[in-house]
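One file, my_file.cif, is given below (mmCIF, N, CA and C atoms).
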```cif
data_data
#
loop_
_atom_site.label_atom_id
_atom_site.label_comp_id
_atom_site.auth_asym_id
_atom_site.auth_seq_id
_atom_site.Cartn_x
_atom_site.Cartn_y
_atom_site.Cartn_z
N MET T 24 7.42 6.68 -16.63
CA MET T 24 7.44 7.66 -17.70
C MET T 24 8.90 8.01 -17.98
N PRO T 25 9.31 7.90 -19.22
CA PRO T 25 10.69 8.25 -19.57
C PRO T 25 11.00 9.72 -19.27
N LYS T 26 12.25 9.99 -18.98
CA LYS T 26 12.69 11.34 -18.61
C LYS T 26 12.28 12.37 -19.66
N ALA T 27 12.42 12.05 -20.95
CA ALA T 27 12.08 13.00 -22.01
C ALA T 27 10.62 13.41 -21.95
N LYS T 28 9.74 12.48 -21.62
CA LYS T 28 8.32 12.81 -21.52
C LYS T 28 8.06 13.74 -20.35
N LEU T 29 8.78 13.55 -19.24
CA LEU T 29 8.63 14.45 -18.09
C LEU T 29 9.03 15.86 -18.47
N ILE T 30 10.13 16.00 -19.17
CA ILE T 30 10.61 17.32 -19.57
C ILE T 30 9.66 17.95 -20.58
N LYS T 31 9.26 17.18 -21.57
CA LYS T 31 8.39 17.70 -22.63
C LYS T 31 7.04 18.17 -22.07
N SER T 32 6.49 17.42 -21.13
CA SER T 32 5.19 17.78 -20.59
C SER T 32 5.29 18.68 -19.36
N LYS T 33 6.51 19.04 -18.98
CA LYS T 33 6.76 19.88 -17.81
C LYS T 33 6.15 19.28 -16.55
N ALA T 34 6.15 17.96 -16.49
CA ALA T 34 5.58 17.26 -15.34
C ALA T 34 6.58 17.24 -14.19
N LEU T 35 6.07 17.08 -13.01
CA LEU T 35 6.89 16.97 -11.82
C LEU T 35 6.72 15.59 -11.23
N MET T 36 7.82 14.92 -10.97
CA MET T 36 7.77 13.61 -10.34
C MET T 36 8.45 13.74 -8.98
N GLN T 37 7.69 13.43 -7.93
CA GLN T 37 8.21 13.59 -6.58
C GLN T 37 7.79 12.41 -5.73
N GLY T 38 8.71 11.89 -4.97
CA GLY T 38 8.41 10.77 -4.08
C GLY T 38 7.76 11.23 -2.80
N PHE T 39 7.30 10.26 -2.02
CA PHE T 39 6.67 10.54 -0.73
C PHE T 39 7.45 9.79 0.33
N ILE T 40 7.96 10.50 1.29
CA ILE T 40 8.69 9.90 2.40
C ILE T 40 7.96 10.29 3.68
N ALA T 41 7.45 9.29 4.37
CA ALA T 41 6.63 9.54 5.56
C ALA T 41 7.37 10.38 6.60
N SER T 42 8.67 10.17 6.75
CA SER T 42 9.41 10.91 7.78
C SER T 42 9.46 12.42 7.49
N ASP T 43 9.18 12.82 6.26
CA ASP T 43 9.11 14.25 5.95
C ASP T 43 7.96 14.92 6.71
N TYR T 44 7.02 14.13 7.18
CA TYR T 44 5.83 14.66 7.86
C TYR T 44 5.77 14.21 9.31
N SER T 45 6.91 13.90 9.90
CA SER T 45 6.93 13.40 11.27
C SER T 45 6.35 14.41 12.26
N ASP T 46 6.44 15.69 11.96
CA ASP T 46 5.87 16.70 12.85
C ASP T 46 4.35 16.68 12.85
N ARG T 47 3.74 15.98 11.90
CA ARG T 47 2.27 15.90 11.83
C ARG T 47 1.76 14.51 12.20
N PHE T 48 2.61 13.69 12.84
CA PHE T 48 2.23 12.33 13.20
C PHE T 48 0.97 12.29 14.06
N SER T 49 0.90 13.13 15.10
CA SER T 49 -0.26 13.10 16.00
C SER T 49 -1.54 13.48 15.25
N GLU T 50 -1.44 14.42 14.33
CA GLU T 50 -2.60 14.80 13.51
C GLU T 50 -3.08 13.62 12.68
N GLY T 51 -2.13 12.91 12.07
CA GLY T 51 -2.48 11.75 11.25
C GLY T 51 -3.07 10.62 12.08
N ALA T 52 -2.48 10.36 13.25
CA ALA T 52 -2.98 9.30 14.12
C ALA T 52 -4.40 9.60 14.58
N LYS T 53 -4.68 10.86 14.88
CA LYS T 53 -6.03 11.26 15.31
C LYS T 53 -7.04 11.04 14.18
N GLN T 54 -6.66 11.44 12.97
CA GLN T 54 -7.56 11.28 11.81
C GLN T 54 -7.80 9.82 11.50
N LEU T 55 -6.75 9.01 11.53
CA LEU T 55 -6.90 7.58 11.26
C LEU T 55 -7.77 6.90 12.31
N ALA T 56 -7.62 7.28 13.57
CA ALA T 56 -8.44 6.72 14.65
C ALA T 56 -9.91 7.06 14.43
N GLU T 57 -10.16 8.28 13.98
CA GLU T 57 -11.55 8.69 13.70
C GLU T 57 -12.14 7.89 12.54
N TRP T 58 -11.38 7.73 11.47
CA TRP T 58 -11.84 6.95 10.33
C TRP T 58 -12.09 5.50 10.71
N LEU T 59 -11.22 4.95 11.56
CA LEU T 59 -11.37 3.57 12.02
C LEU T 59 -12.66 3.43 12.83
N LYS T 60 -12.88 4.37 13.74
CA LYS T 60 -14.09 4.36 14.58
C LYS T 60 -15.36 4.48 13.72
N ASP T 61 -15.30 5.30 12.68
CA ASP T 61 -16.45 5.52 11.80
C ASP T 61 -16.64 4.42 10.77
N GLY T 62 -15.74 3.45 10.75
CA GLY T 62 -15.84 2.36 9.79
C GLY T 62 -15.44 2.74 8.38
N LYS T 63 -14.67 3.80 8.23
CA LYS T 63 -14.25 4.26 6.91
C LYS T 63 -12.97 3.58 6.42
N LEU T 64 -12.28 2.88 7.31
CA LEU T 64 -11.08 2.15 6.92
C LEU T 64 -11.40 0.67 6.83
N HIS T 65 -10.96 0.06 5.77
CA HIS T 65 -11.19 -1.37 5.56
C HIS T 65 -9.88 -2.03 5.17
N ASP T 66 -9.65 -3.20 5.70
CA ASP T 66 -8.45 -3.93 5.31
C ASP T 66 -8.86 -5.15 4.50
N GLU T 67 -7.98 -5.54 3.63
CA GLU T 67 -8.21 -6.73 2.81
C GLU T 67 -6.99 -7.61 2.88
N GLU T 68 -7.21 -8.89 2.75
CA GLU T 68 -6.10 -9.83 2.72
C GLU T 68 -6.45 -11.02 1.84
N THR T 69 -5.43 -11.60 1.28
CA THR T 69 -5.57 -12.81 0.48
C THR T 69 -4.89 -13.93 1.26
N VAL T 70 -5.63 -14.98 1.54
CA VAL T 70 -5.09 -16.11 2.30
C VAL T 70 -4.96 -17.30 1.36
N THR T 71 -3.74 -17.79 1.24
CA THR T 71 -3.47 -18.98 0.45
C THR T 71 -3.17 -20.10 1.43
N GLU T 72 -3.81 -21.23 1.24
CA GLU T 72 -3.64 -22.34 2.18
C GLU T 72 -2.65 -23.37 1.64
N GLY T 73 -1.79 -23.84 2.54
CA GLY T 73 -0.88 -24.93 2.21
C GLY T 73 0.55 -24.50 1.93
N PHE T 74 1.45 -25.16 2.60
CA PHE T 74 2.88 -24.89 2.44
C PHE T 74 3.33 -25.04 1.00
N SER T 75 2.76 -25.99 0.31
CA SER T 75 3.17 -26.24 -1.08
C SER T 75 2.74 -25.13 -2.03
N ASN T 76 1.84 -24.26 -1.59
CA ASN T 76 1.37 -23.17 -2.44
C ASN T 76 2.14 -21.86 -2.24
N ILE T 77 3.18 -21.89 -1.39
CA ILE T 77 3.96 -20.68 -1.14
C ILE T 77 4.55 -20.10 -2.42
N PRO T 78 5.18 -20.91 -3.29
CA PRO T 78 5.76 -20.30 -4.51
C PRO T 78 4.71 -19.61 -5.38
N ASP T 79 3.56 -20.23 -5.55
CA ASP T 79 2.51 -19.60 -6.37
C ASP T 79 2.01 -18.30 -5.75
N ALA T 80 1.86 -18.29 -4.44
CA ALA T 80 1.41 -17.08 -3.75
C ALA T 80 2.44 -15.97 -3.90
N PHE T 81 3.72 -16.33 -3.77
CA PHE T 81 4.79 -15.34 -3.92
C PHE T 81 4.81 -14.77 -5.33
N LEU T 82 4.74 -15.63 -6.33
CA LEU T 82 4.74 -15.15 -7.71
C LEU T 82 3.50 -14.33 -8.02
N GLY T 83 2.39 -14.66 -7.36
CA GLY T 83 1.16 -13.90 -7.56
C GLY T 83 1.27 -12.46 -7.10
N LEU T 84 2.19 -12.19 -6.16
CA LEU T 84 2.41 -10.81 -5.71
C LEU T 84 2.84 -9.93 -6.87
N PHE T 85 3.68 -10.48 -7.75
CA PHE T 85 4.20 -9.70 -8.87
C PHE T 85 3.20 -9.56 -10.01
N LYS T 86 2.14 -10.35 -9.97
CA LYS T 86 1.10 -10.27 -11.00
C LYS T 86 -0.12 -9.51 -10.50
N GLY T 87 -0.09 -9.08 -9.24
CA GLY T 87 -1.22 -8.34 -8.68
C GLY T 87 -2.41 -9.21 -8.38
N GLU T 88 -2.17 -10.48 -8.10
CA GLU T 88 -3.27 -11.42 -7.85
C GLU T 88 -3.82 -11.32 -6.43
N ASN T 89 -3.10 -10.67 -5.54
CA ASN T 89 -3.56 -10.57 -4.16
C ASN T 89 -4.28 -9.24 -3.91
N LYS T 90 -5.10 -9.24 -2.88
CA LYS T 90 -5.75 -8.01 -2.40
C LYS T 90 -5.20 -7.76 -1.01
N GLY T 91 -4.61 -6.61 -0.79
CA GLY T 91 -4.07 -6.29 0.53
C GLY T 91 -2.89 -7.19 0.87
N LYS T 92 -2.85 -7.63 2.08
CA LYS T 92 -1.75 -8.50 2.53
C LYS T 92 -1.91 -9.91 1.98
N GLN T 93 -0.80 -10.50 1.61
CA GLN T 93 -0.78 -11.89 1.18
C GLN T 93 -0.35 -12.75 2.37
N LEU T 94 -1.20 -13.66 2.78
CA LEU T 94 -0.91 -14.54 3.91
C LEU T 94 -0.89 -15.97 3.43
N ILE T 95 -0.08 -16.79 4.10
CA ILE T 95 -0.02 -18.22 3.81
C ILE T 95 -0.44 -18.94 5.08
N LYS T 96 -1.46 -19.77 4.99
CA LYS T 96 -1.91 -20.55 6.12
C LYS T 96 -1.33 -21.96 5.96
N VAL T 97 -0.45 -22.33 6.93
CA VAL T 97 0.17 -23.65 6.85
C VAL T 97 -0.35 -24.55 7.94
#
```
Structure encoded using structure tokens:
Amino acid sequence: MPKAKLIKSKALMQGFIASDYSDRFSEGAKQLAEWLKDGKLHDEETVTEGFSNIPDAFLGLFKGENKGKQLIKV
């Protein structure tokens, strides 16, 4: 969003830095462990096979063609 639109709409743009919450790490770890145990966390990955397909897999990252982690199986 261009700066002028932020000012005009009185919007706030703020980044997220994990280290800002380092004092709550144990709380987060406990919650994540609970979600993992309850099956509420799911991981996804895209596996591309073949060394020759590395360039296409890499370029696909910029097009959003992968789900989760992009892996290359050689």
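CA of Ala80 in chain T is found 7.5 Å from CA of Gln93 in chain T.
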- Message: Taking only range 52-92 of chain T into account, list the residues labelled helix (DSSP H, G or I) by DSSP (computed from the backbone), as a PyMOL selection string.
- Response: chain T and resi 52-60+74-86
Output N, CA and C atoms for every residue in the selection just made, as a PDB file, in the coordinates of the input.
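Written output follows (again-v9.pdb):
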```pdb
ATOM      1  N   ALA T  52      -2.480  10.360  13.250  1.00  0.00           N
ATOM      2  CA  ALA T  52      -2.980   9.300  14.120  1.00  0.00           C
ATOM      3  C   ALA T  52      -4.400   9.600  14.580  1.00  0.00           C
ATOM      4  N   LYS T  53      -4.680  10.860  14.880  1.00  0.00           N
ATOM      5  CA  LYS T  53      -6.030  11.260  15.310  1.00  0.00           C
ATOM      6  C   LYS T  53      -7.040  11.040  14.180  1.00  0.00           C
ATOM      7  N   GLN T  54      -6.660  11.440  12.970  1.00  0.00           N
ATOM      8  CA  GLN T  54      -7.560  11.280  11.810  1.00  0.00           C
ATOM      9  C   GLN T  54      -7.800   9.820  11.500  1.00  0.00           C
ATOM     10  N   LEU T  55      -6.750   9.010  11.530  1.00  0.00           N
ATOM     11  CA  LEU T  55      -6.900   7.580  11.260  1.00  0.00           C
ATOM     12  C   LEU T  55      -7.770   6.900  12.310  1.00  0.00           C
ATOM     13  N   ALA T  56      -7.620   7.280  13.570  1.00  0.00           N
ATOM     14  CA  ALA T  56      -8.440   6.720  14.650  1.00  0.00           C
ATOM     15  C   ALA T  56      -9.910   7.060  14.430  1.00  0.00           C
ATOM     16  N   GLU T  57     -10.160   8.280  13.980  1.00  0.00           N
ATOM     17  CA  GLU T  57     -11.550   8.690  13.700  1.00  0.00           C
ATOM     18  C   GLU T  57     -12.140   7.890  12.540  1.00  0.00           C
ATOM     19  N   TRP T  58     -11.380   7.730  11.470  1.00  0.00           N
ATOM     20  CA  TRP T  58     -11.840   6.950  10.330  1.00  0.00           C
ATOM     21  C   TRP T  58     -12.090   5.500  10.710  1.00  0.00           C
ATOM     22  N   LEU T  59     -11.220   4.950  11.560  1.00  0.00           N
ATOM     23  CA  LEU T  59     -11.370   3.570  12.020  1.00  0.00           C
ATOM     24  C   LEU T  59     -12.660   3.430  12.830  1.00  0.00           C
ATOM     25  N   LYS T  60     -12.880   4.370  13.740  1.00  0.00           N
ATOM     26  CA  LYS T  60     -14.090   4.360  14.580  1.00  0.00           C
ATOM     27  C   LYS T  60     -15.360   4.480  13.720  1.00  0.00           C
ATOM     28  N   PHE T  74       1.450 -25.160   2.600  1.00  0.00           N
ATOM     29  CA  PHE T  74       2.880 -24.890   2.440  1.00  0.00           C
ATOM     30  C   PHE T  74       3.330 -25.040   1.000  1.00  0.00           C
ATOM     31  N   SER T  75       2.760 -25.990   0.310  1.00  0.00           N
ATOM     32  CA  SER T  75       3.170 -26.240  -1.080  1.00  0.00           C
ATOM     33  C   SER T  75       2.740 -25.130  -2.030  1.00  0.00           C
ATOM     34  N   ASN T  76       1.840 -24.260  -1.590  1.00  0.00           N
ATOM     35  CA  ASN T  76       1.370 -23.170  -2.440  1.00  0.00           C
ATOM     36  C   ASN T  76       2.140 -21.860  -2.240  1.00  0.00           C
ATOM     37  N   ILE T  77       3.180 -21.890  -1.390  1.00  0.00           N
ATOM     38  CA  ILE T  77       3.960 -20.680  -1.140  1.00  0.00           C
ATOM     39  C   ILE T  77       4.550 -20.100  -2.420  1.00  0.00           C
ATOM     40  N   PRO T  78       5.180 -20.910  -3.290  1.00  0.00           N
ATOM     41  CA  PRO T  78       5.760 -20.300  -4.510  1.00  0.00           C
ATOM     42  C   PRO T  78       4.710 -19.610  -5.380  1.00  0.00           C
ATOM     43  N   ASP T  79       3.560 -20.230  -5.550  1.00  0.00           N
ATOM     44  CA  ASP T  79       2.510 -19.600  -6.370  1.00  0.00           C
ATOM     45  C   ASP T  79       2.010 -18.300  -5.750  1.00  0.00           C
ATOM     46  N   ALA T  80       1.860 -18.290  -4.440  1.00  0.00           N
ATOM     47  CA  ALA T  80       1.410 -17.080  -3.750  1.00  0.00           C
ATOM     48  C   ALA T  80       2.440 -15.970  -3.900  1.00  0.00           C
ATOM     49  N   PHE T  81       3.720 -16.330  -3.770  1.00  0.00           N
ATOM     50  CA  PHE T  81       4.790 -15.340  -3.920  1.00  0.00           C
ATOM     51  C   PHE T  81       4.810 -14.770  -5.330  1.00  0.00           C
ATOM     52  N   LEU T  82       4.740 -15.630  -6.330  1.00  0.00           N
ATOM     53  CA  LEU T  82       4.740 -15.150  -7.710  1.00  0.00           C
ATOM     54  C   LEU T  82       3.500 -14.330  -8.020  1.00  0.00           C
ATOM     55  N   GLY T  83       2.390 -14.660  -7.360  1.00  0.00           N
ATOM     56  CA  GLY T  83       1.160 -13.900  -7.560  1.00  0.00           C
ATOM     57  C   GLY T  83       1.270 -12.460  -7.100  1.00  0.00           C
ATOM     58  N   LEU T  84       2.190 -12.190  -6.160  1.00  0.00           N
ATOM     59  CA  LEU T  84       2.410 -10.810  -5.710  1.00  0.00           C
ATOM     60  C   LEU T  84       2.840  -9.930  -6.870  1.00  0.00           C
ATOM     61  N   PHE T  85       3.680 -10.480  -7.750  1.00  0.00           N
ATOM     62  CA  PHE T  85       4.200  -9.700  -8.870  1.00  0.00           C
ATOM     63  C   PHE T  85       3.200  -9.560 -10.010  1.00  0.00           C
ATOM     64  N   LYS T  86       2.140 -10.350  -9.970  1.00  0.00           N
ATOM     65  CA  LYS T  86       1.100 -10.270 -11.000  1.00  0.00           C
ATOM     66  C   LYS T  86      -0.120  -9.510 -10.500  1.00  0.00           C
TER      67      LYS T  86
END
```
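The interatomic distance for the pair CA of Leu64 in chain T and atom N of Lys92 in chain T works out to 13.7 Å.
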- Task: Work out how far atom C of Gly38 in chain T is from atom N of Leu59 in chain T, in Å to one decimal.
- Result: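 Pair atom N of Leu59 in chain T / atom C of Gly38 in chain T returns 24.6 Å.
Considering the residues T:Lys31, T:Val97, T:Asp43, T:Leu55 and counting all atoms listed in the file, Ser75 in chain T has its shortest atom-to-atom contact with T:Val97.
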- Can you work out which one of T:Glu68, T:Ile95, T:Ala34, T:Ala41 has the shortest atom-to-atom distance to Phe81 in chain T, counting only C-alpha atoms?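 Distance minimum relative to Phe81 in chain T lands on T:Ile95.
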